[in-house]
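Trainee: This is the structure I have questions about; it appears just below.
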Amino acid sequence: MFLYLVRHGSTVPDEIDPDRPLSELGKAEAQKTAEILAQEKQVGLDRIIHSGKIRARQTAEIIAEMLEPSQGIMESDGLFPNDPPAVWGRRIQDIRDNVMLVGHLPFMPNLSSLLLANSGDDSHVEFQPATALGLKRENKRWKKLWQVIPR
């Protein structure tokens, strides 16, 4: 199983839109990440799962256009910025498909630290806007394969 963790792209300021959708820069970042994943990393996906926030959904939709996950995209709970990473740490143990999770800070670095170092803090992997982290499960342990930062 491969797992891909993605932080949403850059957003418009809260003063302009409190829902904080992707800015034009954020859309370009997500598109660049999608292109790299498709062309250089040759990522194959079964599904993309995103948080309920508009910026995560938009990022997932942009990536899905390029990668065409066989089971599409879906929204899920447990991916918001301050959600505990242990919830998804348990959930992914039962998943056999190649899945991408699209979420936020500090959740994504916290989840990656939990999976890679059994630590709940965010000190192991940096997630700039539209960063993607590729992981592979081997013998019940996670291994970092690569990281894509679109800037």
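By order of appearance in the structure tokens: chains A, B, ..., then residues from 1 within every chain, and ligands from 1 in the order shown.
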Compile the contact shell of range 96-103 of chain A as number ranges by chain: residues with an atom at most 9 Å away, counting only C-alpha atoms, same-chain residues fewer than 2 positions apart removed.

Mentor: A: 1-8, 44-53, 55-57, 59-60, 69, 79-81, 92-94, 105, 107-108, 132

Trainee: Would you mind exporting the chosen residues as a compact mmCIF listing (two decimals), in the first residue's frame, restricted to N, CA, C and O atoms?

Mentor:
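What ended up in part.txt:
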```txt
# COMPACT_ATOMS: atom_id res chain seq x y z
N MET A 1 0.83 -1.18 0.00
CA MET A 1 0.00 0.00 0.00
C MET A 1 0.87 1.25 0.00
O MET A 1 1.85 1.33 0.71
N PHE A 2 0.46 2.20 -0.82
CA PHE A 2 1.10 3.51 -0.82
C PHE A 2 0.13 4.52 -0.22
O PHE A 2 -1.08 4.45 -0.45
N LEU A 3 0.68 5.45 0.53
CA LEU A 3 -0.10 6.51 1.15
C LEU A 3 0.56 7.82 0.77
O LEU A 3 1.78 7.96 0.87
N TYR A 4 -0.26 8.77 0.34
CA TYR A 4 0.25 10.09 -0.03
C TYR A 4 -0.43 11.12 0.84
O TYR A 4 -1.66 11.18 0.90
N LEU A 5 0.37 11.91 1.53
CA LEU A 5 -0.14 12.97 2.39
C LEU A 5 0.10 14.30 1.69
O LEU A 5 1.23 14.58 1.29
N VAL A 6 -0.95 15.10 1.56
CA VAL A 6 -0.85 16.37 0.84
C VAL A 6 -1.44 17.48 1.69
O VAL A 6 -2.55 17.34 2.22
N ARG A 7 -0.72 18.57 1.78
CA ARG A 7 -1.27 19.78 2.38
C ARG A 7 -1.90 20.59 1.25
O ARG A 7 -1.37 20.65 0.14
N HIS A 8 -3.02 21.23 1.52
CA HIS A 8 -3.69 22.07 0.54
C HIS A 8 -2.76 23.19 0.07
O HIS A 8 -1.79 23.54 0.75
N GLY A 44 -0.06 6.12 -8.85
CA GLY A 44 -1.33 5.50 -9.16
C GLY A 44 -2.21 5.53 -7.92
O GLY A 44 -1.77 5.12 -6.85
N LEU A 45 -3.41 6.04 -8.05
CA LEU A 45 -4.29 6.21 -6.90
C LEU A 45 -5.59 5.46 -7.05
O LEU A 45 -6.16 5.41 -8.14
N ASP A 46 -6.07 4.93 -5.94
CA ASP A 46 -7.41 4.37 -5.91
C ASP A 46 -8.41 5.44 -5.48
O ASP A 46 -9.49 5.54 -6.03
N ARG A 47 -8.02 6.25 -4.48
CA ARG A 47 -8.93 7.32 -4.06
C ARG A 47 -8.19 8.44 -3.36
O ARG A 47 -7.09 8.25 -2.84
N ILE A 48 -8.84 9.60 -3.38
CA ILE A 48 -8.35 10.78 -2.66
C ILE A 48 -9.39 11.12 -1.61
O ILE A 48 -10.58 11.22 -1.91
N ILE A 49 -8.93 11.30 -0.38
CA ILE A 49 -9.80 11.63 0.74
C ILE A 49 -9.36 13.00 1.27
O ILE A 49 -8.17 13.21 1.53
N HIS A 50 -10.30 13.93 1.41
CA HIS A 50 -9.98 15.28 1.85
C HIS A 50 -10.83 15.69 3.03
O HIS A 50 -11.89 15.11 3.29
N SER A 51 -10.37 16.71 3.73
CA SER A 51 -11.16 17.27 4.83
C SER A 51 -12.36 18.02 4.25
O SER A 51 -12.45 18.22 3.04
N GLY A 52 -13.23 18.46 5.12
CA GLY A 52 -14.41 19.19 4.68
C GLY A 52 -14.18 20.65 4.37
O GLY A 52 -15.11 21.35 3.97
N LYS A 53 -12.97 21.14 4.51
CA LYS A 53 -12.68 22.55 4.21
C LYS A 53 -12.51 22.73 2.70
O LYS A 53 -11.93 21.88 2.02
N ARG A 55 -10.60 24.52 0.82
CA ARG A 55 -9.24 24.52 0.25
C ARG A 55 -8.70 23.11 0.06
O ARG A 55 -7.99 22.83 -0.89
N ALA A 56 -9.05 22.20 0.97
CA ALA A 56 -8.62 20.81 0.81
C ALA A 56 -9.38 20.15 -0.34
O ALA A 56 -8.80 19.41 -1.14
N ARG A 57 -10.68 20.42 -0.43
CA ARG A 57 -11.48 19.86 -1.53
C ARG A 57 -10.97 20.36 -2.87
O ARG A 57 -10.81 19.58 -3.81
N THR A 59 -7.97 21.42 -3.66
CA THR A 59 -6.68 20.79 -3.92
C THR A 59 -6.88 19.35 -4.40
O THR A 59 -6.28 18.92 -5.38
N ALA A 60 -7.77 18.62 -3.73
CA ALA A 60 -8.06 17.24 -4.12
C ALA A 60 -8.63 17.18 -5.54
O ALA A 60 -8.25 16.29 -6.32
N PRO A 69 -8.05 9.11 -9.88
CA PRO A 69 -8.16 7.96 -8.98
C PRO A 69 -9.36 7.09 -9.35
O PRO A 69 -10.44 7.60 -9.64
N LEU A 79 -9.64 14.98 9.47
CA LEU A 79 -8.52 15.56 8.72
C LEU A 79 -8.39 17.07 8.93
O LEU A 79 -7.66 17.73 8.21
N PHE A 80 -9.12 17.61 9.89
CA PHE A 80 -9.05 19.05 10.16
C PHE A 80 -7.73 19.40 10.84
O PHE A 80 -7.04 18.52 11.37
N PRO A 81 -7.37 20.69 10.84
CA PRO A 81 -6.05 21.09 11.34
C PRO A 81 -5.67 20.52 12.70
O PRO A 81 -4.55 20.03 12.88
N ILE A 92 -5.84 3.89 8.64
CA ILE A 92 -5.07 3.45 7.47
C ILE A 92 -4.50 2.05 7.63
O ILE A 92 -4.11 1.43 6.65
N GLN A 93 -4.50 1.53 8.86
CA GLN A 93 -4.03 0.16 9.06
C GLN A 93 -4.92 -0.85 8.34
O GLN A 93 -4.46 -1.93 7.97
N ASP A 94 -6.18 -0.49 8.14
CA ASP A 94 -7.13 -1.40 7.49
C ASP A 94 -7.28 -1.14 6.00
O ASP A 94 -8.01 -1.87 5.32
N LEU A 105 -2.21 22.00 8.07
CA LEU A 105 -1.26 22.10 9.19
C LEU A 105 -2.09 22.28 10.46
O LEU A 105 -3.13 22.92 10.41
N PHE A 107 -2.02 19.09 11.14
CA PHE A 107 -2.40 17.69 11.06
C PHE A 107 -1.46 16.86 10.20
O PHE A 107 -1.03 15.77 10.59
N MET A 108 -1.16 17.32 8.98
CA MET A 108 -0.34 16.50 8.07
C MET A 108 1.05 16.21 8.63
O MET A 108 1.49 15.05 8.62
N ALA A 132 3.50 17.28 -1.11
CA ALA A 132 3.05 15.89 -1.11
C ALA A 132 4.16 15.01 -0.56
O ALA A 132 5.33 15.19 -0.90
```

Trainee: Show which residues sit within 10 Å of Met66 in chain A, as an mmCIF file with all heavy atoms, in the first residue's frame. Count only C-alpha atoms, and ignore same-chain residues fewer than 2 positions away.

Mentor:
```cif
data_model
loop_
_atom_site.group_PDB
_atom_site.id
_atom_site.type_symbol
_atom_site.label_atom_id
_atom_site.label_comp_id
_atom_site.auth_asym_id
_atom_site.auth_seq_id
_atom_site.Cartn_x
_atom_site.Cartn_y
_atom_site.Cartn_z
ATOM 1 N N GLN A 31 -1.724 22.368 -9.012
ATOM 2 C CA GLN A 31 -1.548 21.870 -10.378
ATOM 3 C C GLN A 31 -0.117 21.382 -10.595
ATOM 4 O O GLN A 31 0.103 20.324 -11.191
ATOM 5 C CB GLN A 31 -1.896 22.971 -11.386
ATOM 6 C CG GLN A 31 -1.786 22.543 -12.831
ATOM 7 C CD GLN A 31 -2.801 21.468 -13.205
ATOM 8 O OE1 GLN A 31 -3.945 21.510 -12.755
ATOM 9 N NE2 GLN A 31 -2.388 20.507 -14.005
ATOM 10 N N THR A 33 1.997 20.304 -8.292
ATOM 11 C CA THR A 33 2.154 19.063 -7.539
ATOM 12 C C THR A 33 1.537 17.900 -8.309
ATOM 13 O O THR A 33 2.147 16.833 -8.433
ATOM 14 C CB THR A 33 1.524 19.189 -6.143
ATOM 15 O OG1 THR A 33 2.259 20.174 -5.403
ATOM 16 C CG2 THR A 33 1.560 17.878 -5.377
ATOM 17 N N ALA A 34 0.346 18.099 -8.838
ATOM 18 C CA ALA A 34 -0.327 17.045 -9.613
ATOM 19 C C ALA A 34 0.516 16.631 -10.817
ATOM 20 O O ALA A 34 0.649 15.429 -11.100
ATOM 21 C CB ALA A 34 -1.702 17.523 -10.065
ATOM 22 N N GLU A 35 1.085 17.592 -11.509
ATOM 23 C CA GLU A 35 1.921 17.288 -12.671
ATOM 24 C C GLU A 35 3.147 16.473 -12.281
ATOM 25 O O GLU A 35 3.499 15.496 -12.951
ATOM 26 C CB GLU A 35 2.335 18.581 -13.371
ATOM 27 C CG GLU A 35 1.180 19.276 -14.073
ATOM 28 C CD GLU A 35 1.516 20.683 -14.548
ATOM 29 O OE1 GLU A 35 2.665 21.143 -14.363
ATOM 30 O OE2 GLU A 35 0.608 21.336 -15.096
ATOM 31 N N ILE A 36 3.797 16.865 -11.195
ATOM 32 C CA ILE A 36 4.978 16.125 -10.734
ATOM 33 C C ILE A 36 4.600 14.710 -10.325
ATOM 34 O O ILE A 36 5.284 13.741 -10.669
ATOM 35 C CB ILE A 36 5.673 16.870 -9.569
ATOM 36 C CG1 ILE A 36 6.266 18.198 -10.068
ATOM 37 C CG2 ILE A 36 6.748 16.003 -8.920
ATOM 38 C CD1 ILE A 36 6.742 19.122 -8.961
ATOM 39 N N LEU A 37 3.491 14.574 -9.609
ATOM 40 C CA LEU A 37 3.053 13.246 -9.169
ATOM 41 C C LEU A 37 2.728 12.348 -10.357
ATOM 42 O O LEU A 37 3.046 11.162 -10.353
ATOM 43 C CB LEU A 37 1.844 13.354 -8.247
ATOM 44 C CG LEU A 37 2.080 14.059 -6.913
ATOM 45 C CD1 LEU A 37 0.790 14.103 -6.101
ATOM 46 C CD2 LEU A 37 3.195 13.405 -6.117
ATOM 47 N N ALA A 38 2.105 12.912 -11.381
ATOM 48 C CA ALA A 38 1.723 12.129 -12.552
ATOM 49 C C ALA A 38 2.926 11.787 -13.426
ATOM 50 O O ALA A 38 3.078 10.642 -13.859
ATOM 51 C CB ALA A 38 0.678 12.883 -13.372
ATOM 52 N N GLN A 39 3.777 12.761 -13.679
ATOM 53 C CA GLN A 39 4.851 12.569 -14.646
ATOM 54 C C GLN A 39 6.121 11.996 -14.039
ATOM 55 O O GLN A 39 6.666 11.028 -14.552
ATOM 56 C CB GLN A 39 5.141 13.893 -15.343
ATOM 57 C CG GLN A 39 3.949 14.379 -16.158
ATOM 58 C CD GLN A 39 4.078 15.831 -16.585
ATOM 59 O OE1 GLN A 39 5.107 16.466 -16.385
ATOM 60 N NE2 GLN A 39 3.019 16.362 -17.169
ATOM 61 N N GLU A 61 -9.514 18.096 -5.878
ATOM 62 C CA GLU A 61 -10.116 18.102 -7.212
ATOM 63 C C GLU A 61 -9.078 18.375 -8.302
ATOM 64 O O GLU A 61 -9.095 17.731 -9.359
ATOM 65 C CB GLU A 61 -11.232 19.138 -7.285
ATOM 66 C CG GLU A 61 -12.458 18.745 -6.490
ATOM 67 C CD GLU A 61 -13.494 19.853 -6.359
ATOM 68 O OE1 GLU A 61 -13.179 21.031 -6.655
ATOM 69 O OE2 GLU A 61 -14.620 19.540 -5.938
ATOM 70 N N ILE A 62 -8.167 19.308 -8.039
ATOM 71 C CA ILE A 62 -7.123 19.618 -9.021
ATOM 72 C C ILE A 62 -6.219 18.407 -9.234
ATOM 73 O O ILE A 62 -5.892 18.038 -10.370
ATOM 74 C CB ILE A 62 -6.315 20.858 -8.578
ATOM 75 C CG1 ILE A 62 -7.200 22.113 -8.675
ATOM 76 C CG2 ILE A 62 -5.036 21.012 -9.409
ATOM 77 C CD1 ILE A 62 -6.622 23.339 -7.998
ATOM 78 N N ILE A 63 -5.828 17.763 -8.152
ATOM 79 C CA ILE A 63 -4.968 16.581 -8.264
ATOM 80 C C ILE A 63 -5.717 15.435 -8.938
ATOM 81 O O ILE A 63 -5.158 14.712 -9.773
ATOM 82 C CB ILE A 63 -4.422 16.185 -6.878
ATOM 83 C CG1 ILE A 63 -3.449 17.273 -6.381
ATOM 84 C CG2 ILE A 63 -3.739 14.817 -6.920
ATOM 85 C CD1 ILE A 63 -2.993 17.113 -4.949
ATOM 86 N N ALA A 64 -6.996 15.270 -8.615
ATOM 87 C CA ALA A 64 -7.794 14.185 -9.204
ATOM 88 C C ALA A 64 -7.940 14.343 -10.714
ATOM 89 O O ALA A 64 -7.977 13.340 -11.439
ATOM 90 C CB ALA A 64 -9.175 14.134 -8.551
ATOM 91 N N GLU A 68 -6.600 10.957 -11.849
ATOM 92 C CA GLU A 68 -7.774 10.123 -12.109
ATOM 93 C C GLU A 68 -7.860 8.899 -11.192
ATOM 94 O O GLU A 68 -7.781 7.755 -11.653
ATOM 95 C CB GLU A 68 -7.804 9.687 -13.574
ATOM 96 C CG GLU A 68 -7.850 10.844 -14.540
ATOM 97 C CD GLU A 68 -7.808 10.424 -15.998
ATOM 98 O OE1 GLU A 68 -7.353 9.296 -16.308
ATOM 99 O OE2 GLU A 68 -8.231 11.231 -16.829
ATOM 100 N N PRO A 69 -8.052 9.111 -9.885
ATOM 101 C CA PRO A 69 -8.164 7.961 -8.983
ATOM 102 C C PRO A 69 -9.360 7.087 -9.351
ATOM 103 O O PRO A 69 -10.442 7.597 -9.645
ATOM 104 C CB PRO A 69 -8.341 8.608 -7.604
ATOM 105 C CG PRO A 69 -8.819 9.991 -7.875
ATOM 106 C CD PRO A 69 -8.247 10.383 -9.208
#
```

Trainee: Quick one: of A:Asp83, A:Arg151, A:Ile54, A:Gly72, who's nearest to Asp17 in chain A, counting only C-alpha atoms?

Mentor: A:Ile54

Trainee: Could you write out, as a ChimeraX atom specification, all the residues of chain A that DSSP marks as helix (DSSP H, G or I)?

Mentor: /A:24-39,54-67,85-94,107-117

Trainee: So, with only C-alpha atoms as the atoms that count, which of A:His104, A:Glu75, A:Asp19, A:Asn110 lies closest to Pro129 in chain A?

Mentor: A:His104

Trainee: From a backbone DSSP assignment, name each residue in range 66-132 of chain A labelled strand (DSSP E), as a PyMOL selection string.

Mentor: chain A and resi 73-75+99-103+132

Trainee: Could you write those residues out with N, CA and C atoms, as a JSON list (two decimals), in the first residue's frame?

Mentor:
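Written file, out-v3.json:
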```json
[["chain", "number", "residue", "atom", "x", "y", "z"],
["A", 73, "ILE", "N", -12.91, 10.89, -5.48],
["A", 73, "ILE", "CA", -12.56, 11.64, -4.28],
["A", 73, "ILE", "C", -13.73, 11.63, -3.32],
["A", 74, "MET", "N", -13.41, 11.78, -2.03],
["A", 74, "MET", "CA", -14.45, 11.82, -1.02],
["A", 74, "MET", "C", -14.01, 12.65, 0.17],
["A", 75, "GLU", "N", -14.97, 13.19, 0.87],
["A", 75, "GLU", "CA", -14.72, 13.95, 2.09],
["A", 75, "GLU", "C", -14.76, 13.00, 3.28],
["A", 99, "VAL", "N", -3.96, 5.39, -1.36],
["A", 99, "VAL", "CA", -4.82, 6.49, -0.94],
["A", 99, "VAL", "C", -4.01, 7.76, -0.75],
["A", 100, "MET", "N", -4.66, 8.88, -1.08],
["A", 100, "MET", "CA", -4.11, 10.20, -0.81],
["A", 100, "MET", "C", -5.02, 10.89, 0.19],
["A", 101, "LEU", "N", -4.42, 11.45, 1.24],
["A", 101, "LEU", "CA", -5.14, 12.26, 2.20],
["A", 101, "LEU", "C", -4.75, 13.72, 1.98],
["A", 102, "VAL", "N", -5.74, 14.59, 1.85],
["A", 102, "VAL", "CA", -5.49, 16.02, 1.65],
["A", 102, "VAL", "C", -6.02, 16.77, 2.85],
["A", 103, "GLY", "N", -5.12, 17.48, 3.53],
["A", 103, "GLY", "CA", -5.50, 18.17, 4.75],
["A", 103, "GLY", "C", -4.69, 19.42, 5.01],
["A", 132, "ALA", "N", 3.50, 17.28, -1.11],
["A", 132, "ALA", "CA", 3.05, 15.89, -1.11],
["A", 132, "ALA", "C", 4.16, 15.01, -0.56]]
```

Trainee: Can you work out which one of A:Gln147, A:Gln58, A:Gln42, A:Asn139 has the shortest atom-to-atom distance to Gly26 in chain A, counting only C-alpha atoms?

Mentor: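 Ranking A:Gln147, A:Gln58, A:Gln42, A:Asn139 by distance to Gly26 in chain A, first place goes to A:Gln58.
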
Trainee: Of the residues A:Leu135, A:Leu145, A:Ala130, A:Leu115, which is the one nearest to Lys27 in chain A, using only C-alpha atoms?

Mentor: A:Ala130
